[in-house]
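Here is the file target_2.txt (compact mmCIF, C-alpha atoms).
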# COMPACT_ATOMS: atom_id res chain seq x y z
CA MET A 1 155.10 48.01 226.62
CA ILE A 2 156.40 49.12 230.00
CA ARG A 3 159.04 51.77 229.42
CA PRO A 4 162.33 51.82 231.35
CA SER A 5 163.82 54.98 232.80
CA GLU A 6 165.92 57.15 230.53
CA ARG A 7 168.76 57.21 233.07
CA ALA A 8 169.02 53.41 233.04
CA MET A 9 168.80 53.12 229.26
CA GLY A 10 171.49 55.76 228.90
CA ILE A 11 174.12 53.67 230.68
CA GLU A 12 177.07 52.56 228.56
CA TYR A 13 180.05 50.47 229.63
CA ALA A 14 182.40 49.94 226.73
CA ILE A 15 184.56 47.33 228.48
CA ARG A 16 181.73 44.83 228.72
CA ASP A 17 179.61 46.05 225.81
CA VAL A 18 182.21 44.73 223.34
CA VAL A 19 181.82 41.24 224.81
CA ILE A 20 178.41 40.79 223.13
CA PRO A 21 179.74 40.51 219.53
CA ALA A 22 182.66 38.40 220.81
CA ARG A 23 180.21 35.90 222.28
CA GLU A 24 178.51 35.54 218.90
CA LEU A 25 181.82 34.48 217.35
CA GLU A 26 182.50 32.08 220.21
CA LYS A 27 179.10 30.46 219.69
CA LYS A 28 180.33 29.57 216.19
CA GLY A 29 183.35 27.81 217.67
CA ILE A 30 185.82 30.64 217.01
CA ASN A 31 188.47 31.16 219.69
CA VAL A 32 188.58 34.82 220.66
CA ILE A 33 191.59 36.10 222.61
CA ARG A 34 189.97 38.48 225.08
CA LEU A 35 192.14 41.41 226.11
CA ASN A 36 189.29 43.64 227.22
CA ILE A 37 188.67 43.17 230.96
CA GLY A 38 191.21 43.89 233.69
CA ASP A 39 190.52 40.82 235.81
CA PRO A 40 193.73 39.23 237.19
CA GLY A 41 191.75 36.25 238.53
CA LYS A 42 191.08 35.07 234.98
CA TYR A 43 194.80 34.49 234.51
CA ASP A 44 197.67 33.34 236.73
CA PHE A 45 196.98 35.73 239.61
CA GLN A 46 195.06 34.95 242.79
CA PRO A 47 194.65 36.66 246.16
CA PRO A 48 197.45 35.60 248.54
CA LYS A 49 196.81 32.42 250.52
CA HIS A 50 196.46 34.19 253.87
CA MET A 51 193.56 36.18 252.43
CA ARG A 52 191.86 33.13 250.92
CA ASP A 53 192.25 31.24 254.18
CA ALA A 54 190.81 34.17 256.14
CA TYR A 55 187.76 34.31 253.87
CA CYS A 56 187.02 30.59 254.34
CA LYS A 57 187.61 30.84 258.09
CA ALA A 58 185.25 33.81 258.39
CA ILE A 59 182.46 31.81 256.77
CA GLN A 60 183.16 28.71 258.87
CA ASP A 61 183.33 30.81 262.05
CA GLY A 62 179.84 32.14 261.44
CA HIS A 63 180.61 35.66 260.19
CA ASN A 64 177.73 35.51 257.75
CA TYR A 65 175.58 38.24 259.26
CA TYR A 66 174.84 41.86 258.38
CA GLY A 67 177.75 44.10 259.28
CA THR A 68 177.65 47.78 260.14
CA SER A 69 176.77 50.08 257.25
CA GLU A 70 180.05 51.98 257.46
CA GLY A 71 182.11 48.79 257.55
CA LEU A 72 183.34 46.54 260.37
CA PRO A 73 185.45 48.34 262.99
CA GLU A 74 188.37 45.94 262.56
CA THR A 75 188.33 46.40 258.77
CA ARG A 76 188.30 50.17 259.02
CA GLU A 77 191.14 50.13 261.53
CA ALA A 78 193.19 47.89 259.21
CA ILE A 79 192.58 50.41 256.41
CA VAL A 80 193.74 53.25 258.68
CA GLN A 81 197.00 51.45 259.41
CA ARG A 82 197.54 50.54 255.77
CA GLU A 83 197.00 54.10 254.57
CA LYS A 84 199.22 55.55 257.29
CA ARG A 85 202.02 53.24 256.15
CA LYS A 86 201.49 53.94 252.45
CA ASN A 87 200.49 57.62 252.42
CA GLY A 88 201.33 58.96 255.88
CA VAL A 89 197.77 60.30 256.26
CA ASP A 90 196.44 61.33 259.66
CA ILE A 91 193.05 59.64 259.72
CA THR A 92 190.99 57.52 262.12
CA SER A 93 188.52 54.72 261.51
CA ASP A 94 185.73 57.33 261.70
CA ASP A 95 187.09 58.72 258.41
CA VAL A 96 186.83 55.36 256.63
CA ARG A 97 183.88 53.75 254.86
CA VAL A 98 183.89 50.22 253.42
CA THR A 99 182.04 49.66 250.15
CA ALA A 100 181.14 47.02 247.61
CA ALA A 101 184.24 47.90 245.57
CA VAL A 102 185.27 51.31 244.27
CA THR A 103 182.22 51.40 241.99
CA GLU A 104 179.93 51.69 245.00
CA ALA A 105 182.21 54.32 246.49
CA LEU A 106 181.72 56.33 243.29
CA GLN A 107 177.97 55.85 243.53
CA PHE A 108 177.98 57.18 247.10
CA ILE A 109 180.25 60.14 246.41
CA PHE A 110 178.60 61.26 243.18
CA GLY A 111 175.13 60.68 244.61
CA ALA A 112 175.96 62.82 247.64
CA LEU A 113 177.60 65.65 245.69
CA LEU A 114 175.46 66.07 242.59
CA ASN A 115 172.20 67.84 241.92
CA PRO A 116 170.86 67.84 238.34
CA GLY A 117 173.01 70.16 236.23
CA ASP A 118 176.06 70.03 238.50
CA ASN A 119 179.33 68.78 237.06
CA ILE A 120 182.43 66.93 238.17
CA LEU A 121 185.77 67.21 236.40
CA VAL A 122 186.90 63.77 235.22
CA PRO A 123 190.00 62.89 233.20
CA SER A 124 189.77 62.06 229.53
CA PRO A 125 190.34 59.27 228.88
CA SER A 126 188.97 57.71 232.06
CA TYR A 127 187.31 54.58 233.43
CA PRO A 128 183.76 54.59 231.95
CA PRO A 129 181.76 54.67 235.24
CA TYR A 130 183.14 58.16 235.90
CA VAL A 131 181.09 59.45 233.00
CA GLY A 132 178.23 56.95 233.32
CA LEU A 133 177.56 57.43 237.02
CA VAL A 134 177.81 61.22 236.92
CA LYS A 135 175.25 61.17 234.12
CA PHE A 136 173.07 58.68 236.03
CA TYR A 137 172.78 61.14 238.91
CA GLY A 138 171.75 63.96 236.58
CA GLY A 139 175.16 65.57 236.46
CA ILE A 140 177.62 66.39 233.70
CA ALA A 141 180.99 64.70 233.39
CA ASN A 142 183.22 67.65 232.52
CA GLU A 143 186.16 65.92 230.85
CA TYR A 144 189.60 67.48 231.13
CA LEU A 145 192.40 66.58 228.79
CA THR A 146 195.32 64.33 229.61
CA VAL A 147 198.22 64.73 227.20
CA GLU A 148 199.47 61.65 225.38
CA GLU A 149 202.71 63.34 224.32
CA ASN A 150 203.40 64.03 228.00
CA GLY A 151 202.83 60.48 229.22
CA TRP A 152 199.08 61.11 229.59
CA GLN A 153 199.64 63.63 232.40
CA PRO A 154 196.64 65.90 233.14
CA ASP A 155 196.55 69.26 231.39
CA ILE A 156 196.18 71.68 234.31
CA ASP A 157 195.34 74.61 232.04
CA ASP A 158 192.52 72.66 230.41
CA MET A 159 191.32 71.59 233.84
CA ARG A 160 191.12 75.23 234.90
CA LYS A 161 189.09 76.11 231.79
CA LYS A 162 186.54 73.39 232.61
CA ILE A 163 185.73 74.68 236.12
CA ASN A 164 182.54 76.72 236.45
CA GLU A 165 180.01 77.70 239.11
CA ARG A 166 178.33 74.26 238.93
CA THR A 167 181.56 72.27 239.42
CA LYS A 168 181.41 70.14 242.57
CA ALA A 169 184.73 68.23 242.56
CA ILE A 170 187.85 67.22 240.62
CA ALA A 171 188.33 63.49 240.05
CA VAL A 172 191.76 61.92 239.57
CA ILE A 173 192.60 58.33 238.57
CA ASN A 174 196.23 57.56 239.41
CA PRO A 175 197.65 55.20 238.17
CA ASN A 176 195.25 55.72 235.33
CA ASN A 177 192.83 53.36 233.68
CA PRO A 178 192.94 53.12 230.62
CA THR A 179 196.33 54.73 229.89
CA GLY A 180 198.54 53.31 232.63
CA ALA A 181 199.83 56.82 233.36
CA LEU A 182 201.49 57.52 236.71
CA TYR A 183 201.07 61.14 237.74
CA GLU A 184 204.12 63.11 238.78
CA ARG A 185 204.31 64.63 242.28
CA LYS A 186 204.40 68.09 240.66
CA THR A 187 201.17 67.33 238.81
CA VAL A 188 199.41 66.13 241.95
CA ARG A 189 200.44 69.32 243.77
CA GLU A 190 199.15 71.47 240.91
CA ILE A 191 195.79 69.69 241.02
CA LEU A 192 195.55 70.32 244.76
CA ASP A 193 196.46 73.98 244.28
CA LEU A 194 193.78 74.36 241.62
CA ALA A 195 191.18 72.66 243.79
CA GLY A 196 192.09 74.95 246.68
CA GLU A 197 191.80 78.01 244.50
CA TYR A 198 188.21 77.13 243.61
CA ASP A 199 187.31 75.56 246.98
CA LEU A 200 186.69 72.11 245.48
CA PRO A 201 187.32 68.64 246.91
CA VAL A 202 189.55 66.16 245.10
CA ILE A 203 188.33 62.60 244.53
CA SER A 204 191.33 60.31 244.11
CA ASP A 205 191.00 56.77 242.71
CA GLU A 206 194.09 54.84 243.85
CA ILE A 207 193.05 51.23 243.22
CA TYR A 208 196.38 50.56 241.40
CA ASP A 209 198.57 52.47 243.88
CA LEU A 210 201.21 49.76 244.40
CA MET A 211 201.13 48.59 240.77
CA THR A 212 203.89 50.77 239.36
CA TYR A 213 206.87 49.89 237.16
CA GLU A 214 209.01 53.04 237.14
CA GLY A 215 208.38 55.75 239.68
CA GLU A 216 206.22 55.81 242.79
CA HIS A 217 202.56 56.65 243.29
CA VAL A 218 201.83 59.91 245.10
CA SER A 219 198.44 60.43 246.75
CA PRO A 220 196.89 63.90 247.06
CA GLY A 221 195.80 62.75 250.50
CA SER A 222 199.45 62.69 251.53
CA LEU A 223 200.12 66.25 250.27
CA THR A 224 197.01 68.23 251.16
CA LYS A 225 197.00 70.82 253.92
CA ASP A 226 193.54 72.35 253.61
CA VAL A 227 191.96 70.92 250.43
CA PRO A 228 189.49 68.11 251.25
CA VAL A 229 190.44 64.85 249.57
CA ILE A 230 188.42 61.64 249.27
CA VAL A 231 190.71 58.69 248.56
CA MET A 232 189.26 55.48 247.09
CA ASN A 233 190.91 52.08 247.06
CA GLY A 234 190.03 48.41 247.42
CA MET A 235 190.92 44.74 247.25
CA SER A 236 190.42 44.14 243.51
CA LYS A 237 193.80 44.98 242.01
CA VAL A 238 196.79 45.14 244.40
CA TYR A 239 195.22 42.30 246.41
CA PHE A 240 193.91 40.50 243.28
CA ALA A 241 190.45 39.82 244.75
CA THR A 242 188.27 41.24 241.98
CA GLY A 243 185.30 38.95 242.53
CA TRP A 244 185.07 39.72 246.23
CA ARG A 245 183.77 43.21 245.39
CA LEU A 246 185.22 45.00 248.38
CA GLY A 247 186.55 48.54 248.41
CA TYR A 248 186.82 51.54 250.67
CA PHE A 249 187.26 55.27 250.77
CA TYR A 250 188.38 57.73 253.39
CA TYR A 251 188.32 61.46 254.00
CA VAL A 252 191.35 63.69 254.49
CA ASP A 253 189.51 66.85 255.47
CA PRO A 254 191.49 69.00 257.91
CA GLU A 255 188.91 71.81 258.04
CA GLY A 256 185.73 69.71 258.08
CA LYS A 257 184.44 71.03 254.76
CA LEU A 258 182.88 67.68 253.87
CA ASP A 259 180.82 67.19 257.05
CA GLU A 260 177.45 67.51 255.32
CA VAL A 261 178.61 65.35 252.40
CA ARG A 262 179.69 62.70 254.89
CA GLU A 263 176.24 62.73 256.45
CA ALA A 264 174.61 62.29 253.03
CA ILE A 265 176.93 59.41 252.15
CA ASP A 266 176.18 57.66 255.44
CA LYS A 267 172.46 57.87 254.62
CA MET A 268 173.16 56.15 251.30
CA ALA A 269 175.29 53.52 253.05
CA ARG A 270 172.51 52.72 255.51
CA ILE A 271 169.87 52.25 252.82
CA ARG A 272 172.03 49.66 251.04
CA ILE A 273 172.61 47.81 254.39
CA CYS A 274 176.29 46.75 254.31
CA PRO A 275 179.18 45.33 252.29
CA SER A 276 180.10 41.63 252.49
CA THR A 277 180.94 40.62 256.05
CA PRO A 278 183.21 37.59 255.40
CA ALA A 279 185.06 39.53 252.69
CA GLN A 280 185.85 42.23 255.25
CA PHE A 281 187.52 39.69 257.54
CA ALA A 282 189.58 38.51 254.58
CA ALA A 283 190.45 42.13 253.79
CA VAL A 284 191.88 42.55 257.30
CA ALA A 285 194.25 39.66 256.59
CA GLY A 286 195.31 41.27 253.32
CA LEU A 287 195.68 44.79 254.65
CA THR A 288 197.75 43.71 257.65
CA GLY A 289 199.51 40.65 256.22
CA PRO A 290 202.71 40.10 254.19
CA MET A 291 202.95 41.65 250.73
CA GLY A 292 205.76 39.50 249.34
CA TYR A 293 203.47 38.03 246.70
CA LEU A 294 203.30 41.45 245.03
CA ASP A 295 206.97 41.36 244.01
CA GLU A 296 206.40 38.11 242.11
CA TYR A 297 203.22 39.36 240.48
CA MET A 298 204.70 42.70 239.48
CA GLY A 299 207.67 40.88 237.96
CA LYS A 300 205.26 38.97 235.73
CA LEU A 301 203.35 42.10 234.81
CA LYS A 302 206.49 44.05 233.96
CA GLU A 303 207.63 41.28 231.62
CA ARG A 304 204.23 41.32 229.93
CA ARG A 305 204.14 45.12 229.79
CA ASP A 306 207.57 45.22 228.15
CA TYR A 307 206.64 42.48 225.68
CA ILE A 308 203.42 44.04 224.46
CA TYR A 309 204.96 47.50 224.26
CA LYS A 310 207.77 46.13 222.07
CA ARG A 311 205.34 44.29 219.80
CA LEU A 312 203.03 47.25 219.37
CA THR A 313 205.89 49.55 218.38
CA GLU A 314 206.73 47.11 215.56
CA ILE A 315 203.22 47.02 214.08
CA PRO A 316 202.61 49.42 211.17
CA GLY A 317 199.90 52.03 211.64
CA ILE A 318 200.10 51.86 215.45
CA SER A 319 201.95 53.95 218.05
CA THR A 320 201.85 53.77 221.82
CA THR A 321 203.10 55.22 225.10
CA LYS A 322 204.69 52.84 227.61
CA PRO A 323 202.45 52.59 230.71
CA GLN A 324 204.02 53.28 234.11
CA GLY A 325 201.32 51.68 236.24
CA ALA A 326 198.32 49.30 236.29
CA PHE A 327 198.05 46.64 233.55
CA TYR A 328 196.69 48.51 230.55
CA ILE A 329 198.24 49.98 227.43
CA PHE A 330 196.42 52.50 225.25
CA PRO A 331 197.74 52.46 221.67
CA ARG A 332 196.94 55.08 219.03
CA ILE A 333 195.63 54.21 215.56
CA GLU A 334 197.86 56.25 213.25
CA GLU A 335 196.60 54.88 209.92
CA ARG A 336 192.85 55.61 209.85
CA SER A 337 191.84 55.49 206.20
CA LYS A 338 190.32 52.00 206.42
CA TRP A 339 187.86 52.69 209.25
CA LYS A 340 185.25 55.32 210.14
CA ASN A 341 186.17 55.39 213.84
CA ASP A 342 187.94 53.43 216.57
CA PHE A 343 184.87 51.30 217.35
CA GLU A 344 184.73 50.08 213.75
CA PHE A 345 188.46 49.38 213.98
CA VAL A 346 188.04 47.26 217.13
CA MET A 347 185.16 45.34 215.57
CA ASP A 348 187.22 44.71 212.43
CA VAL A 349 190.09 43.35 214.56
CA LEU A 350 187.63 41.14 216.43
CA HIS A 351 186.04 39.63 213.33
CA LYS A 352 189.21 39.27 211.26
CA ALA A 353 191.95 38.64 213.84
CA HIS A 354 189.74 37.23 216.63
CA VAL A 355 191.34 39.47 219.26
CA LEU A 356 189.12 41.59 221.50
CA PHE A 357 190.23 45.11 222.45
CA VAL A 358 188.13 48.01 223.78
CA HIS A 359 187.58 51.08 221.61
CA GLY A 360 189.21 54.18 223.03
CA SER A 361 186.21 56.44 222.50
CA GLY A 362 184.46 54.39 225.19
CA PHE A 363 186.81 56.09 227.68
CA GLY A 364 186.04 59.68 226.70
CA TYR A 365 186.75 62.15 223.91
CA ALA A 366 190.55 61.99 224.33
CA GLY A 367 190.32 58.26 223.64
CA ASP A 368 189.18 58.74 220.04
CA TRP A 369 191.27 56.67 217.60
CA HIS A 370 192.83 54.66 220.41
CA PHE A 371 192.10 51.25 221.91
CA ARG A 372 192.80 49.66 225.27
CA ILE A 373 194.64 46.38 225.72
CA VAL A 374 194.87 44.43 228.98
CA PHE A 375 198.27 42.75 229.29
CA LEU A 376 197.41 40.40 232.17
CA PRO A 377 197.65 37.11 230.19
CA PRO A 378 200.91 35.15 229.97
CA VAL A 379 203.37 36.14 227.26
CA GLU A 380 202.36 33.10 225.19
CA THR A 381 198.78 34.37 224.98
CA LEU A 382 199.92 37.92 224.28
CA GLU A 383 202.22 36.61 221.55
CA ALA A 384 199.35 34.79 219.83
CA ALA A 385 197.20 37.92 220.06
CA MET A 386 199.92 40.20 218.71
CA ASN A 387 200.76 37.78 215.90
CA ASN A 388 197.12 37.82 214.80
CA PHE A 389 196.89 41.59 215.19
CA GLU A 390 200.12 42.31 213.32
CA ALA A 391 199.07 40.07 210.43
CA PHE A 392 195.70 41.84 210.36
CA MET A 393 197.27 45.32 210.25
CA ARG A 394 199.77 44.43 207.52
CA GLU A 395 197.05 42.90 205.39
CA ARG A 396 194.60 45.77 205.87
CA LEU A 397 197.21 48.44 205.15
CA ALA A 398 198.31 46.63 202.00
CA GLU A 399 194.81 46.65 200.53
Let me see whether you can do it: turn the structure in this file into C-alpha cells.
Amino acid sequence: MIRPSERAMGIEYAIRDVVIPARELEKKGINVIRLNIGDPGKYDFQPPKHMRDAYCKAIQDGHNYYGTSEGLPETREAIVQREKRKNGVDITSDDVRVTAAVTEALQFIFGALLNPGDNILVPSPSYPPYVGLVKFYGGIANEYLTVEENGWQPDIDDMRKKINERTKAIAVINPNNPTGALYERKTVREILDLAGEYDLPVISDEIYDLMTYEGEHVSPGSLTKDVPVIVMNGMSKVYFATGWRLGYFYYVDPEGKLDEVREAIDKMARIRICPSTPAQFAAVAGLTGPMGYLDEYMGKLKERRDYIYKRLTEIPGISTTKPQGAFYIFPRIEERSKWKNDFEFVMDVLHKAHVLFVHGSGFGYAGDWHFRIVFLPPVETLEAAMNNFEAFMRERLAE
C-alpha cells in the first residue's frame, strides 16, 4: 500500500463532507433538501448578463491563452477602481493579484507567511479552509472567540490573549461565514489597533462585502494608517459567478512591511502559472459594469433571510441570531439531551427529516452545538425544509 501524506489526509471540509451520507439517501430515491453549500448558481441567481456575454466574447475572441501570473493588467486596474469606489483605498495595480478564487488567495498568503509551528489568529466560528489550510502549511489556527450574544462580534480581549511570539497575522471574515455577522466600525478599528500594537498584518476576507441587510460593511483597508492589510475578494458571491473560480487580493501597506511576503507570494503565483484568462475579461465587465441586478437579488435574499429567521424562532429547542450579511444563518441547539454532539444532530435531521445542514463544530470550537443553514433557495423550498425540520424537532422532543 502506497501511503498518502499526513497533511493531505488531515484535511477536513465539513460543508462538503456532509454531502456523502446525503448522496446515499438520494441513491435510494429519497429527496434531500440541501441547505449546506452557499452556491447562488444552484438557485435563481446568475451572474449579470453583461458578465456572461463578456465571458463568451473573450473565448470567441481568442483569449484562451496563459495570462500573466499576477493577473491581467486590465483586470487588476478594474479591481483598483472598484476598491477605490467601495473602500477609498489608495492602491495601484501593482498592489493587486488575481487568483483562482479566494481559496487560492488563502493558499498564497498562508503559504508565504507560515513556517511550521507559526500560528494565525482566525475567528471561531469561521470558514473551514482557514483552519484546514493553516494546518496544511504546518501552522496552527489560533481560534479567537466571536460572541453570539453580541451578534457574533469578535472578542478583542480573547484575541489579545491568543497572540504569542509565533503569531504571524490576524484573519478577519466580514461579513462572516458561517454566522452572517457584520462587524461594527468600532470593532474593525479595535482589531487594527491590536494588530498595530503587536506589529501584525490583518488579513481581511470581504467576499460578501456588498451583501448586507442592515448596516454597511467597513474594510480595515479603508481605516488603516500604518498597519499592513491584505484584503481578499472575488467574483463568487456579489457577482454570483461561483463556478468561474476567480478572486483577488490586494495590499494596503503604507510602510512596505510586506515587501518580502509579496515576493514570496509572487513566487507561488508563478509556479501555478495563472488564473483563468477568459474569466478575467468577464470580471472586468462585472467590476466596471452596472450593479443594478444586486438590488433585485438582495431583495430576494432579505425576504428569505426574514422568513427562515421567523421559522427558526418558532421551532422548540432552537434559538438563533438574525444575520446581517451574506446568506447564512447559524442556529443554536438549545435542547441537547437527544444527541451526543451537533454532528449527530445534523445526521439525525438528515435521515429523519431529509434536510441537509452543516454541523457547527465543523466551523471551529465556538460552533459546537450549532448548525449552519444556507437560505439561498426560494421561500417555497425553505418552507418545505422548515416544515420537515419543525416536525422532526417536535417529535424528537416529545419522545
Q | Within 12 Å of Val188 of chain A using all atoms listed in the file, minus same-chain residues under 3 positions, as a VMD selection string | A | chain A and resid 153 to 156 170 to 175 182 to 185 191 to 195 202 to 204 217 to 224 229
Q. So which residues touch segment 278-284 of chain A within 7 Å, counting all atoms listed in the file, skipping near sequence neighbours fewer than 2 positions away, as a count of residues only?
A. 16
(Q) Just checking: using all atoms listed in the file, which residue out of A:Phe327, A:Tyr137, A:Phe389, A:Tyr13 ends up closest to Glu314 of chain A? (A)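 Closest candidate: A:Phe389.
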(Q) Counting only C-alpha atoms, which residue out of A:Val80, A:Ala112, A:Leu35, A:Val98 sits closest to Ile329 of chain A? (A) A:Leu35
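Distance check against Asn233 of chain A using only C-alpha atoms: of A:Val18, A:Leu210, A:Leu25, A:Ala353, the minimum falls on A:Leu210.
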Q) With all atoms listed in the file as the atoms that count, which of A:Arg160, A:Arg166, A:Arg311, A:His351 lies nearest to Gly139 of chain A? A)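 Closest to Gly139 of chain A, using all atoms listed in the file: A:Arg166.
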Q: Would you work out the distance separating atom CA of Gly41 of chain A from atom CA of Ala181 of chain A, expressed in Å to one decimal?
A: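 If I compute the distance from atom CA of Gly41 of chain A to atom CA of Ala181 of chain A, I get 22.7 Å.
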Q | Nearest to Met347 of chain A, chosen from A:Asn115, A:Ile207, A:Glu149, A:His359, with all atoms listed in the file counted in the distances | A |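 Of A:Asn115, A:Ile207, A:Glu149, A:His359, the one nearest Met347 of chain A, counting all atoms listed in the file, is A:His359.
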**Q.** Spatial neighbours of Pro377 of chain A, 7 Å, all atoms listed in the file, chain gap at least 3 places, as a list in words
**A.**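 What passes the distance filter is Tyr43, Thr381 and Leu382 of chain A.
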Would you mind listing what lies within 12 Å of Pro116 of chain A as a tab-separated table (two decimals) with C-alpha atoms, in the frame of the given file, with only C-alpha atoms counted and same-chain residues fewer than 4 positions away left out?
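selection_36.tsv, written as the output of this step:
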chain	number	residue	atom	x	y	z
A	110	PHE	CA	178.60	61.26	243.18
A	111	GLY	CA	175.13	60.68	244.61
A	112	ALA	CA	175.96	62.82	247.64
A	120	ILE	CA	182.43	66.93	238.17
A	134	VAL	CA	177.81	61.22	236.92
A	135	LYS	CA	175.25	61.17	234.12
A	136	PHE	CA	173.07	58.68	236.03
A	137	TYR	CA	172.78	61.14	238.91
A	138	GLY	CA	171.75	63.96	236.58
A	139	GLY	CA	175.16	65.57	236.46
A	140	ILE	CA	177.62	66.39	233.70
A	141	ALA	CA	180.99	64.70	233.39
A	166	ARG	CA	178.33	74.26	238.93
A	167	THR	CA	181.56	72.27	239.42
A	168	LYS	CA	181.41	70.14	242.57
Q) If you count all atoms listed in the file, which residues fall within 9 Å of Pro129 of chain A, apart from same-chain ones fewer than 4 positions away, as a list in words? A)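 In the requested format, the answer is Ile11, Glu12, Tyr13, Thr103, Leu106, Leu133 and Val134 of chain A.
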(Q) With distances taken over all atoms listed in the file, which residue among A:Leu121, A:Ile91, A:Leu350, A:Ala326 lies nearest Val231 of chain A? (A)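 Between A:Leu121, A:Ile91, A:Leu350, A:Ala326, the residue approaching Val231 of chain A most closely is A:Ile91.
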**Q.** One-decimal distance in Å that lies between atom CA of Pro4 of chain A and atom CA of Lys267 of chain A
**A.**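 If I compute the distance from atom CA of Lys267 of chain A to atom CA of Pro4 of chain A, I get 26.1 Å.
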Please put the answer as JSON: centre and edge lengths, in Å with one decimal, of a box along x, y and z that encloses all listed atoms of segment 232-248 of chain A plus 4 Å on each side.
{"center_x": 190.3, "center_y": 47.2, "center_z": 246.3, "size_x": 21.0, "size_y": 24.5, "size_z": 16.7}
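Distance-wise, atom CA of Gly317 of chain A and atom CA of Gly180 of chain A end up 21.1 Å apart.
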